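Visitor: Enclosed is the structure file protein_2.pdb (PDB, C-alpha atoms, pLDDT in the B column).
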```
ATOM      1  CA  MET E 643     -13.999  11.526 -17.555  1.00 65.00           C
ATOM      2  CA  ALA E 644     -14.343   8.993 -14.746  1.00 64.00           C
ATOM      3  CA  THR E 645     -12.477   9.385 -11.463  1.00 66.00           C
ATOM      4  CA  GLU E 646     -11.236   6.208  -9.840  1.00 67.00           C
ATOM      5  CA  ALA E 647     -11.613   5.856  -6.089  1.00 71.00           C
ATOM      6  CA  THR E 648      -8.671   4.885  -3.900  1.00 75.00           C
ATOM      7  CA  ARG E 649      -8.125   1.144  -4.235  1.00 81.00           C
ATOM      8  CA  ALA E 650      -7.829  -1.217  -1.267  1.00 80.00           C
ATOM      9  CA  GLY E 651      -4.496  -0.672   0.440  1.00 78.00           C
ATOM     10  CA  GLU E 652      -3.346   1.906  -2.121  1.00 88.00           C
ATOM     11  CA  PHE E 653      -2.457   4.318   0.702  1.00 90.00           C
ATOM     12  CA  LEU E 654       0.027   1.831   2.187  1.00 91.00           C
ATOM     13  CA  VAL E 655       3.741   2.543   1.700  1.00 91.00           C
ATOM     14  CA  SER E 656       5.004  -0.318   3.885  1.00 91.00           C
ATOM     15  CA  GLU E 657       3.827  -2.539   6.711  1.00 92.00           C
ATOM     16  CA  ALA E 658       5.122  -5.159   9.132  1.00 92.00           C
ATOM     17  CA  ASN E 659       5.600  -8.768   8.025  1.00 90.00           C
ATOM     18  CA  GLY E 660       2.636 -11.090   7.842  1.00 83.00           C
ATOM     19  CA  SER E 661      -0.564  -9.629   9.204  1.00 84.00           C
ATOM     20  CA  ARG E 662       0.966  -7.764  12.154  1.00 92.00           C
ATOM     21  CA  SER E 663      -0.146  -4.338  10.890  1.00 95.00           C
ATOM     22  CA  ARG E 664      -3.776  -5.273  10.189  1.00 95.00           C
ATOM     23  CA  GLU E 665      -6.746  -6.360  12.272  1.00 95.00           C
ATOM     24  CA  SER E 666     -10.341  -7.277  11.634  1.00 97.00           C
ATOM     25  CA  ILE E 667     -12.559  -4.560  13.100  1.00 98.00           C
ATOM     26  CA  THR E 668     -16.246  -3.797  13.488  1.00 98.00           C
ATOM     27  CA  LEU E 669     -17.119  -0.705  11.471  1.00 98.00           C
ATOM     28  CA  THR E 670     -20.166   1.468  12.028  1.00 97.00           C
ATOM     29  CA  GLY E 671     -21.259   4.365   9.816  1.00 96.00           C
ATOM     30  CA  GLY E 672     -20.192   5.159   6.338  1.00 92.00           C
ATOM     31  CA  PRO E 673     -19.842   4.623   3.516  1.00 97.00           C
ATOM     32  CA  TYR E 674     -16.086   5.079   3.842  1.00 97.00           C
ATOM     33  CA  PRO E 675     -13.365   4.807   1.190  1.00 96.00           C
ATOM     34  CA  ALA E 676     -10.104   2.900   1.483  1.00 96.00           C
ATOM     35  CA  GLY E 677      -7.729   5.135   3.425  1.00 96.00           C
ATOM     36  CA  GLN E 678     -10.395   6.583   5.737  1.00 97.00           C
ATOM     37  CA  VAL E 679      -8.869   7.599   9.077  1.00 98.00           C
ATOM     38  CA  LEU E 680     -10.815   5.928  11.869  1.00 98.00           C
ATOM     39  CA  GLY E 681     -11.377   6.516  15.552  1.00 98.00           C
ATOM     40  CA  LYS E 682     -12.460   3.873  18.056  1.00 98.00           C
ATOM     41  CA  ILE E 683     -15.692   4.432  19.990  1.00 98.00           C
ATOM     42  CA  THR E 684     -14.773   3.983  23.648  1.00 97.00           C
ATOM     43  CA  ALA E 685     -18.104   2.532  24.813  1.00 97.00           C
ATOM     44  CA  SER E 686     -18.485  -0.115  22.096  1.00 97.00           C
ATOM     45  CA  GLY E 687     -14.993  -0.736  20.712  1.00 97.00           C
ATOM     46  CA  LYS E 688     -16.371  -0.189  17.196  1.00 98.00           C
ATOM     47  CA  TYR E 689     -14.594   1.986  14.659  1.00 98.00           C
ATOM     48  CA  THR E 690     -16.004   4.910  12.692  1.00 98.00           C
ATOM     49  CA  ALA E 691     -14.674   8.036  10.994  1.00 98.00           C
ATOM     50  CA  TYR E 692     -12.202  10.073  13.031  1.00 98.00           C
ATOM     51  CA  ALA E 693     -13.953  13.197  14.352  1.00 97.00           C
ATOM     52  CA  ALA E 694     -11.675  15.823  15.903  1.00 95.00           C
ATOM     53  CA  GLY E 695     -14.431  17.514  17.921  1.00 93.00           C
ATOM     54  CA  ALA E 696     -16.063  14.368  19.289  1.00 95.00           C
ATOM     55  CA  SER E 697     -15.969  13.166  22.895  1.00 95.00           C
ATOM     56  CA  ASN E 698     -16.733   9.457  22.421  1.00 97.00           C
ATOM     57  CA  GLY E 699     -13.217   8.226  21.611  1.00 96.00           C
ATOM     58  CA  THR E 700     -13.340   8.997  17.903  1.00 97.00           C
ATOM     59  CA  GLU E 701     -11.516  12.276  18.541  1.00 98.00           C
ATOM     60  CA  THR E 702      -8.338  10.155  18.608  1.00 98.00           C
ATOM     61  CA  ALA E 703      -7.286   8.617  15.294  1.00 98.00           C
ATOM     62  CA  ALA E 704      -6.600   4.919  15.824  1.00 98.00           C
ATOM     63  CA  ALA E 705      -6.547   3.167  12.434  1.00 98.00           C
ATOM     64  CA  VAL E 706      -6.801   3.457   8.650  1.00 97.00           C
ATOM     65  CA  LEU E 707      -9.486   1.524   6.755  1.00 97.00           C
ATOM     66  CA  TRP E 708      -7.929  -1.011   4.329  1.00 96.00           C
ATOM     67  CA  SER E 709     -10.715  -1.098   1.736  1.00 95.00           C
ATOM     68  CA  ALA E 710     -13.992   0.696   1.122  1.00 95.00           C
ATOM     69  CA  ALA E 711     -16.762  -0.366   3.494  1.00 97.00           C
ATOM     70  CA  ASP E 712     -20.242   0.750   4.461  1.00 97.00           C
ATOM     71  CA  GLY E 713     -21.605   0.233   7.950  1.00 96.00           C
ATOM     72  CA  SER E 714     -24.395   2.791   7.629  1.00 96.00           C
ATOM     73  CA  ALA E 715     -27.253   0.267   7.476  1.00 97.00           C
ATOM     74  CA  ALA E 716     -25.689  -2.181   9.929  1.00 97.00           C
ATOM     75  CA  ASP E 717     -22.278  -2.739  11.479  1.00 97.00           C
ATOM     76  CA  VAL E 718     -19.878  -4.612   9.189  1.00 97.00           C
ATOM     77  CA  SER E 719     -16.641  -6.493   9.610  1.00 97.00           C
ATOM     78  CA  ALA E 720     -13.730  -4.731   7.906  1.00 98.00           C
ATOM     79  CA  VAL E 721      -9.938  -4.698   7.897  1.00 97.00           C
ATOM     80  CA  ALA E 722      -7.882  -1.776   9.161  1.00 97.00           C
ATOM     81  CA  VAL E 723      -4.211  -0.951   9.522  1.00 97.00           C
ATOM     82  CA  VAL E 724      -3.777  -0.428  13.261  1.00 97.00           C
ATOM     83  CA  ARG E 725       0.009  -0.468  13.867  1.00 97.00           C
ATOM     84  CA  ASP E 726       3.520  -0.671  12.421  1.00 95.00           C
ATOM     85  CA  ALA E 727       3.003   0.842   8.976  1.00 96.00           C
ATOM     86  CA  GLU E 728       3.888   3.765   6.732  1.00 97.00           C
ATOM     87  CA  VAL E 729       1.067   5.399   4.788  1.00 97.00           C
ATOM     88  CA  SER E 730       0.797   8.042   2.082  1.00 96.00           C
ATOM     89  CA  GLN E 731      -0.790  11.081   3.690  1.00 96.00           C
ATOM     90  CA  ALA E 732      -2.023  12.264   0.285  1.00 95.00           C
ATOM     91  CA  LEU E 733      -4.206   9.135  -0.002  1.00 95.00           C
ATOM     92  CA  LEU E 734      -5.781   9.368   3.462  1.00 96.00           C
ATOM     93  CA  THR E 735      -9.326  10.630   3.928  1.00 96.00           C
ATOM     94  CA  GLY E 736     -10.438  12.641   6.957  1.00 96.00           C
ATOM     95  CA  GLU E 737      -7.009  13.373   8.408  1.00 96.00           C
ATOM     96  CA  ASP E 738      -5.753  16.545  10.052  1.00 97.00           C
ATOM     97  CA  ALA E 739      -2.549  17.387  11.920  1.00 97.00           C
ATOM     98  CA  ASP E 740      -3.884  15.917  15.190  1.00 97.00           C
ATOM     99  CA  ALA E 741      -4.887  12.679  13.452  1.00 98.00           C
ATOM    100  CA  ILE E 742      -1.409  12.337  11.949  1.00 98.00           C
ATOM    101  CA  THR E 743       0.069  12.745  15.446  1.00 98.00           C
ATOM    102  CA  ASP E 744      -2.395  10.204  16.901  1.00 98.00           C
ATOM    103  CA  LEU E 745      -1.569   7.670  14.188  1.00 98.00           C
ATOM    104  CA  ALA E 746       2.167   8.108  14.810  1.00 98.00           C
ATOM    105  CA  ALA E 747       1.554   7.254  18.481  1.00 97.00           C
ATOM    106  CA  VAL E 748       0.298   3.784  17.417  1.00 96.00           C
ATOM    107  CA  GLY E 749       3.087   3.322  14.892  1.00 97.00           C
ATOM    108  CA  ILE E 750       1.311   4.430  11.706  1.00 97.00           C
ATOM    109  CA  ILE E 751       3.619   6.996  10.117  1.00 97.00           C
ATOM    110  CA  ALA E 752       2.285   9.324   7.405  1.00 96.00           C
ATOM    111  CA  ARG E 753       4.748  10.244   4.657  1.00 93.00           C
TER     112      ARG E 753
END
```
The structure in this file should be written as structure tokens.
Guide:
Amino acid sequence: MATEATRAGEFLVSEANGSRSRESITLTGGPYPAGQVLGKITASGKYTAYAAGASNGTETAAAVLWSAADGSAADVSAVAVVRDAEVSQALLTGEDADAITDLAAVGIIAR
């Protein structure tokens, strides 16, 4: 039996009109699935997986990756939900209670 990965945007319950909720980002690391919770590296402004114990900015959840992307070989351009959205917590990857709180602070509400 094959298991299907989370599809692009499948985690999204609702978002603001137009493209207000999404931004183009620079992603480093990976590979990451759609719905990966991301933190923003303070020094570079690049995004990578949220890491609760880090001290480089990624200890604060800041976005959710729209579709699968891999920046492990080189940084890549990707799309992330960064504000004004509702997401399905069950379809997020890498979240914990602190990440859910961080996301709420930027207007991304987990349901």
Visitor: Which residue gives the smallest distance to Ala715 in chain E among E:Ala747, E:Ala650, E:Leu733, E:Leu669, with all atoms listed in the file counted?
Guide: E:Leu669
Visitor: Using all atoms listed in the file, which of E:Asp744, E:Gly749, E:Val729, E:Glu657 sits nearest Gly699 in chain E?
Guide: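 Closest to Gly699 in chain E of all the choices is E:Asp744.
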Visitor: Can you pull out every residue within 6 Å of range 701-710 of chain E, counting only C-alpha atoms, but drop anything in the same chain fewer than 4 positions away, and send it as an NGL selection string?
Guide: :E and (650-651 or 674-681 or 692-694 or 696 or 721-724 or 741 or 744-745)
Visitor: So, with only C-alpha atoms as the atoms that count, which of E:Thr670, E:Thr700, E:Thr648, E:Ser714 lies closest to Thr684 in chain E?
Guide: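 Ranked by minimum distance to Thr684 in chain E, first place goes to E:Thr700.
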Visitor: Between CA of Ala727 in chain E and CA of Glu652 in chain E, what is the distance, to one decimal in Å?
Guide: 12.8 Å
Visitor: What does the distance between CA of Thr743 in chain E and CA of Gly687 in chain E come to in Å, to one decimal place?
Guide: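 CA of Thr743 in chain E sits 20.9 Å away from CA of Gly687 in chain E.
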Visitor: Which one is closest to Val748 in chain E: E:Lys688, E:Asp726, E:Ser661, E:Asp712? Count all atoms listed in the file.
Guide: E:Asp726
Visitor: Need to verify the contact set: Gly713 in chain E, 10 Å, all atoms listed in the file, exclusion of same-chain residues closer than 3 positions in sequence. Can you return it as a list in words?
Guide: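 Counting only the stated atoms, we get Thr668, Leu669, Thr670, Gly671, Gly672, Pro673, Tyr674, Tyr689, Thr690, Ala716, Asp717, Val718, Ser719 and Ala720 of chain E.
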Visitor: Expressed in Å to a single decimal, how great is the separation between CA of Ala739 in chain E and CA of Ala752 in chain E?
Guide: 10.4 Å
Visitor: Go through E:Ile750, E:Asp740, E:Ala685, E:Arg725 and flag the residue nearest Glu665 in chain E, using all atoms listed in the file for the distances.
Guide: E:Arg725
Visitor: Of the residues E:Arg649, E:Arg753, E:Arg664, E:Lys682, which is the one nearest to Ala732 in chain E, using only C-alpha atoms?
Guide: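 Checking each of E:Arg649, E:Arg753, E:Arg664, E:Lys682 against Ala732 in chain E, counting only C-alpha atoms, the winner is E:Arg753.
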Visitor: Write out as JSON an axis-aligned box for range 658-668 of chain E: all of its atoms listed in the file, 6 Å added on each side, centre and edge lengths in Å with one decimal.
Guide:
```
{"center_x": -5.3, "center_y": -7.4, "center_z": 10.7, "size_x": 33.8, "size_y": 19.3, "size_z": 17.6}
```
